[in-house]
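**Q** Coordinates in data-v9.csv, CSV, N, CA and C atoms, are listed below.
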chain,number,residue,atom,x,y,z
A,158,MET,N,-3.0,-2.0,187.2
A,158,MET,CA,-2.0,-1.9,188.3
A,158,MET,C,-2.3,-0.7,189.1
A,159,LYS,N,-2.6,0.4,188.5
A,159,LYS,CA,-2.9,1.6,189.3
A,159,LYS,C,-4.1,1.4,190.2
A,160,ARG,N,-5.2,0.9,189.7
A,160,ARG,CA,-6.4,0.7,190.4
A,160,ARG,C,-6.2,-0.2,191.6
A,161,GLU,N,-5.5,-1.3,191.4
A,161,GLU,CA,-5.3,-2.3,192.5
A,161,GLU,C,-4.0,-2.0,193.3
A,162,ASN,N,-3.3,-0.9,193.0
A,162,ASN,CA,-2.1,-0.6,193.7
A,162,ASN,C,-1.0,-1.6,193.6
A,163,VAL,N,-0.9,-2.3,192.4
A,163,VAL,CA,0.2,-3.3,192.2
A,163,VAL,C,1.5,-2.5,191.9
A,164,LYS,N,2.5,-2.9,192.6
A,164,LYS,CA,3.8,-2.2,192.4
A,164,LYS,C,4.9,-3.0,191.8
A,165,ILE,N,4.7,-4.4,191.7
A,165,ILE,CA,5.8,-5.3,191.3
A,165,ILE,C,5.3,-6.1,190.1
A,166,ILE,N,6.2,-6.2,189.1
A,166,ILE,CA,6.0,-7.1,188.0
A,166,ILE,C,7.0,-8.2,188.1
A,167,MET,N,6.7,-9.4,188.3
A,167,MET,CA,7.6,-10.5,188.4
A,167,MET,C,7.8,-11.2,187.1
A,168,VAL,N,9.1,-11.4,186.7
A,168,VAL,CA,9.4,-12.1,185.4
A,168,VAL,C,10.6,-13.0,185.7
A,169,GLU,N,10.7,-13.9,184.8
A,169,GLU,CA,11.9,-14.8,184.8
A,169,GLU,C,12.9,-14.3,183.8
A,170,PRO,N,14.2,-14.6,184.1
A,170,PRO,CA,15.3,-13.9,183.3
A,170,PRO,C,15.4,-14.3,181.8
A,171,TYR,N,14.7,-15.3,181.4
A,171,TYR,CA,14.8,-15.6,179.9
A,171,TYR,C,13.7,-14.9,179.1
A,172,PHE,N,12.9,-14.0,179.7
A,172,PHE,CA,11.9,-13.3,178.9
A,172,PHE,C,12.5,-11.9,178.6
A,173,ASP,N,12.1,-11.3,177.5
A,173,ASP,CA,12.5,-10.0,177.1
A,173,ASP,C,11.9,-9.0,178.2
A,174,LEU,N,12.7,-8.1,178.6
A,174,LEU,CA,12.2,-7.1,179.7
A,174,LEU,C,11.6,-5.8,179.1
A,175,LYS,N,11.6,-5.7,177.8
A,175,LYS,CA,11.0,-4.5,177.2
A,175,LYS,C,9.6,-4.2,177.6
A,176,THR,N,8.7,-5.1,177.5
A,176,THR,CA,7.3,-4.9,177.9
A,176,THR,C,7.2,-4.7,179.4
A,177,PRO,N,7.7,-5.6,180.2
A,177,PRO,CA,7.6,-5.3,181.7
A,177,PRO,C,8.1,-3.9,182.1
A,178,ASN,N,9.3,-3.6,181.5
A,178,ASN,CA,9.9,-2.3,181.9
A,178,ASN,C,9.0,-1.1,181.4
A,179,SER,N,8.4,-1.3,180.3
A,179,SER,CA,7.5,-0.2,179.8
A,179,SER,C,6.3,-0.1,180.7
A,180,ILE,N,5.7,-1.2,181.0
A,180,ILE,CA,4.5,-1.2,181.9
A,180,ILE,C,4.9,-0.6,183.3
A,181,ALA,N,6.0,-1.0,183.8
A,181,ALA,CA,6.5,-0.4,185.1
A,181,ALA,C,6.7,1.1,185.0
A,182,ALA,N,7.3,1.5,184.0
A,182,ALA,CA,7.5,3.0,183.8
A,182,ALA,C,6.2,3.7,183.7
A,183,ALA,N,5.2,3.2,183.1
A,183,ALA,CA,3.9,3.8,182.9
A,183,ALA,C,3.0,3.8,184.1
A,184,THR,N,3.3,2.9,185.0
A,184,THR,CA,2.4,2.7,186.2
A,184,THR,C,3.1,3.0,187.5
A,185,GLY,N,4.4,3.3,187.5
A,185,GLY,CA,5.1,3.5,188.8
A,185,GLY,C,5.5,2.2,189.5
A,186,GLY,N,5.5,1.1,188.7
A,186,GLY,CA,5.8,-0.2,189.3
A,186,GLY,C,7.3,-0.5,189.2
A,187,GLN,N,7.7,-1.7,189.6
A,187,GLN,CA,9.1,-2.1,189.5
A,187,GLN,C,9.1,-3.5,188.9
A,188,VAL,N,10.1,-3.8,188.1
A,188,VAL,CA,10.3,-5.1,187.5
A,188,VAL,C,11.2,-5.9,188.5
A,189,LEU,N,10.8,-7.1,188.8
A,189,LEU,CA,11.6,-8.0,189.7
A,189,LEU,C,11.9,-9.3,188.9
A,190,VAL,N,13.1,-9.5,188.6
A,190,VAL,CA,13.6,-10.7,187.9
A,190,VAL,C,13.9,-11.8,188.9
A,191,MET,N,13.0,-12.9,188.9
A,191,MET,CA,13.2,-14.0,189.8
A,191,MET,C,14.0,-15.1,189.2
A,192,LEU,N,14.8,-15.8,190.0
A,192,LEU,CA,15.5,-17.0,189.5
A,192,LEU,C,14.6,-18.1,189.4
A,193,PRO,N,14.5,-18.8,188.3
A,193,PRO,CA,13.6,-20.0,188.1
A,193,PRO,C,14.2,-21.3,188.6
A,194,SER,N,15.6,-21.3,188.7
A,194,SER,CA,16.2,-22.6,189.0
A,194,SER,C,17.6,-22.4,189.7
A,195,VAL,N,18.1,-23.5,190.2
A,195,VAL,CA,19.4,-23.5,190.9
A,195,VAL,C,20.4,-23.1,189.9
A,196,GLY,N,21.4,-22.4,190.3
A,196,GLY,CA,22.5,-22.0,189.4
A,196,GLY,C,22.4,-20.7,188.8
A,197,GLY,N,21.3,-20.0,188.9
A,197,GLY,CA,21.1,-18.7,188.3
A,197,GLY,C,22.0,-17.6,188.9
A,198,GLU,N,22.4,-17.8,190.1
A,198,GLU,CA,23.4,-17.0,190.8
A,198,GLU,C,24.4,-18.0,191.4
A,199,LYS,N,25.6,-17.5,191.6
A,199,LYS,CA,26.7,-18.4,192.1
A,199,LYS,C,26.4,-19.0,193.4
A,200,ALA,N,25.7,-18.2,194.3
A,200,ALA,CA,25.4,-18.6,195.7
A,200,ALA,C,24.3,-19.6,195.7
A,201,VAL,N,23.5,-19.7,194.7
A,201,VAL,CA,22.3,-20.5,194.7
A,201,VAL,C,22.7,-21.9,194.2
A,202,THR,N,23.0,-22.8,195.1
A,202,THR,CA,23.5,-24.1,194.8
A,202,THR,C,22.6,-25.3,195.0
A,203,ASP,N,21.4,-25.0,195.7
A,203,ASP,CA,20.4,-26.0,195.9
A,203,ASP,C,19.0,-25.3,196.0
A,204,TYR,N,18.0,-26.2,196.0
A,204,TYR,CA,16.6,-25.6,196.0
A,204,TYR,C,16.3,-24.8,197.3
A,205,PHE,N,16.8,-25.2,198.4
A,205,PHE,CA,16.6,-24.4,199.6
A,205,PHE,C,17.2,-23.0,199.5
A,206,LYS,N,18.4,-22.9,198.9
A,206,LYS,CA,19.0,-21.6,198.7
A,206,LYS,C,18.3,-20.8,197.6
A,207,LEU,N,17.7,-21.5,196.6
A,207,LEU,CA,16.9,-20.8,195.6
A,207,LEU,C,15.7,-20.2,196.2
A,208,PHE,N,15.0,-20.9,197.1
A,208,PHE,CA,13.8,-20.3,197.7
A,208,PHE,C,14.2,-19.2,198.7
A,209,ASP,N,15.3,-19.4,199.4
A,209,ASP,CA,15.8,-18.3,200.3
A,209,ASP,C,16.1,-17.0,199.5
A,210,TYR,N,16.8,-17.2,198.4
A,210,TYR,CA,17.2,-16.1,197.5
A,210,TYR,C,16.0,-15.4,196.9
A,211,ASP,N,15.1,-16.2,196.4
A,211,ASP,CA,13.9,-15.5,195.8
A,211,ASP,C,13.0,-14.9,196.8
A,212,LEU,N,12.8,-15.5,198.0
A,212,LEU,CA,12.0,-14.9,199.0
A,212,LEU,C,12.7,-13.6,199.5
A,213,SER,N,14.0,-13.6,199.7
A,213,SER,CA,14.7,-12.4,200.2
A,213,SER,C,14.5,-11.3,199.2
A,214,LEU,N,14.7,-11.6,197.9
A,214,LEU,CA,14.6,-10.6,196.9
A,214,LEU,C,13.2,-10.0,196.8
A,215,LEU,N,12.2,-10.9,197.0
A,215,LEU,CA,10.8,-10.5,197.0
A,215,LEU,C,10.5,-9.6,198.2
A,216,MET,N,10.9,-10.0,199.3
A,216,MET,CA,10.7,-9.2,200.5
A,216,MET,C,11.4,-7.8,200.4
A,217,LYS,N,12.6,-7.7,199.9
A,217,LYS,CA,13.3,-6.5,199.8
A,217,LYS,C,12.5,-5.6,198.8
A,218,THR,N,12.0,-6.2,197.7
A,218,THR,CA,11.3,-5.4,196.7
A,218,THR,C,10.0,-4.9,197.3
A,219,PHE,N,9.3,-5.7,198.0
A,219,PHE,CA,8.0,-5.3,198.6
A,219,PHE,C,8.3,-4.1,199.6
A,220,GLN,N,9.3,-4.2,200.4
A,220,GLN,CA,9.6,-3.2,201.4
A,220,GLN,C,10.0,-1.9,200.7
A,221,ALA,N,10.8,-2.0,199.6
A,221,ALA,CA,11.2,-0.8,198.9
A,221,ALA,C,10.0,-0.1,198.1
A,222,SER,N,9.0,-0.9,197.8
A,222,SER,CA,7.9,-0.3,197.0
A,222,SER,C,6.8,0.4,197.9
A,223,ARG,N,7.0,0.3,199.2
A,223,ARG,CA,6.0,1.0,200.1
A,223,ARG,C,6.0,2.4,200.1
How does this structure look as C-alpha cells?
**A**
Amino acid sequence: MKRENVKIIMVEPYFDLKTPNSIAAATGGQVLVMLPSVGGEKAVTDYFKLFDYDLSLLMKTFQASR
C-alpha cells in the first residue's frame, strides 16, 4: 500500500474490521465500508440509490485521502 500509494481499503459490512483497521493504521490508509445491497441504509431503497450511495461515499473518501 505504501509503495503504490493506496489509501483506501474497501470492505463489506459483514466482514470483521479488525484486519482492515490494523492494515490501515499501519499504512496510513482508511477503511471504507461499502453497502453490498439495497436496505443497508434507510435511504437506500433501490439499486439506483445503492449505486448513488456507494459512489458518493467512495468519492468523499477519495477526496479526503488526498
**Q** Which of chain A counts as strand (DSSP E) under DSSP, as a VMD selection string please?
**A** chain A and resid 165 to 168 187 to 190
**Q** Extract the full set of alpha helix (DSSP H) residues from chain A according to DSSP on the backbone, and format it as JSON, numbers by chain.
**A** {"A": [175, 176, 177, 178, 179, 180, 181, 182, 183, 184, 204, 205, 206, 207, 208, 209, 210, 211, 212, 213, 214, 215, 216, 217, 218, 219, 220, 221]}
**Q** Nearest to Arg160 of chain A among A:Thr184, A:Gly197, A:Asn178, A:Phe172, with distances taken over only C-alpha atoms: which residue is it?
**A**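 Among the listed residues, the smallest separation from Arg160 of chain A belongs to A:Thr184.
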**Q** Which is closer to Pro193 of chain A than all the others in A:Asp173, A:Glu161, A:Leu207, A:Ser222, using only N, CA and C atoms?
**A**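 Between A:Asp173, A:Glu161, A:Leu207, A:Ser222, the residue approaching Pro193 of chain A most closely is A:Leu207.
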**Q** Give me, as an NGL selection string, all polymer residues having an atom no more than 8 Å from Ala181 of chain A, counting only N, CA and C atoms and skipping those fewer than 5 positions away in the same chain.
**A** :A and (164-166 or 175-176 or 186-188)
**Q** What is the atom CA of Leu192 of chain A to atom CA of Glu169 of chain A distance in Å?
**A**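 Between atom CA of Leu192 of chain A and atom CA of Glu169 of chain A the gap works out to 6.3 Å.
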**Q** Quick one, how far is atom CA of Asp203 of chain A from atom CA of Ala221 of chain A?
**A**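 Distance reported for this atom pair: 27.0 Å.
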**Q** Hey, can you check how far atom C of Thr218 of chain A sits from atom N of Lys159 of chain A?
**A** 16.3 Å
**Q** Using only C-alpha atoms, can you tell me which of A:Val201, A:Leu212, A:Met158, A:Val168 comes closest to Ala182 of chain A?
**A** A:Met158
**Q** At a cut-off of 8 Å, using all atoms listed in the file, what residues contact Leu215 of chain A? Leave out same-chain residues fewer than 6 positions from it and give the result as a short mmCIF file (atom, residue, chain, number, x, y, z; two decimals) with N, CA and C atoms, in the coordinates of the input.
**A**
data_model
loop_
_atom_site.label_atom_id
_atom_site.label_comp_id
_atom_site.auth_asym_id
_atom_site.auth_seq_id
_atom_site.Cartn_x
_atom_site.Cartn_y
_atom_site.Cartn_z
N LEU A 189 10.80 -7.10 188.80
CA LEU A 189 11.60 -8.00 189.70
C LEU A 189 11.90 -9.30 188.90
N MET A 191 13.00 -12.90 188.90
CA MET A 191 13.20 -14.00 189.80
C MET A 191 14.00 -15.10 189.20
N ASP A 209 15.30 -19.40 199.40
CA ASP A 209 15.80 -18.30 200.30
C ASP A 209 16.10 -17.00 199.50
N ALA A 221 10.80 -2.00 199.60
CA ALA A 221 11.20 -0.80 198.90
C ALA A 221 10.00 -0.10 198.10
#
**Q** Could you check which of A:Asn162, A:Val190, A:Gln220, A:Ala200 is closest to Leu174 of chain A, using only C-alpha atoms?
**A**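 Looking only at the distances to Leu174 of chain A, the closest residue turns out to be A:Val190.
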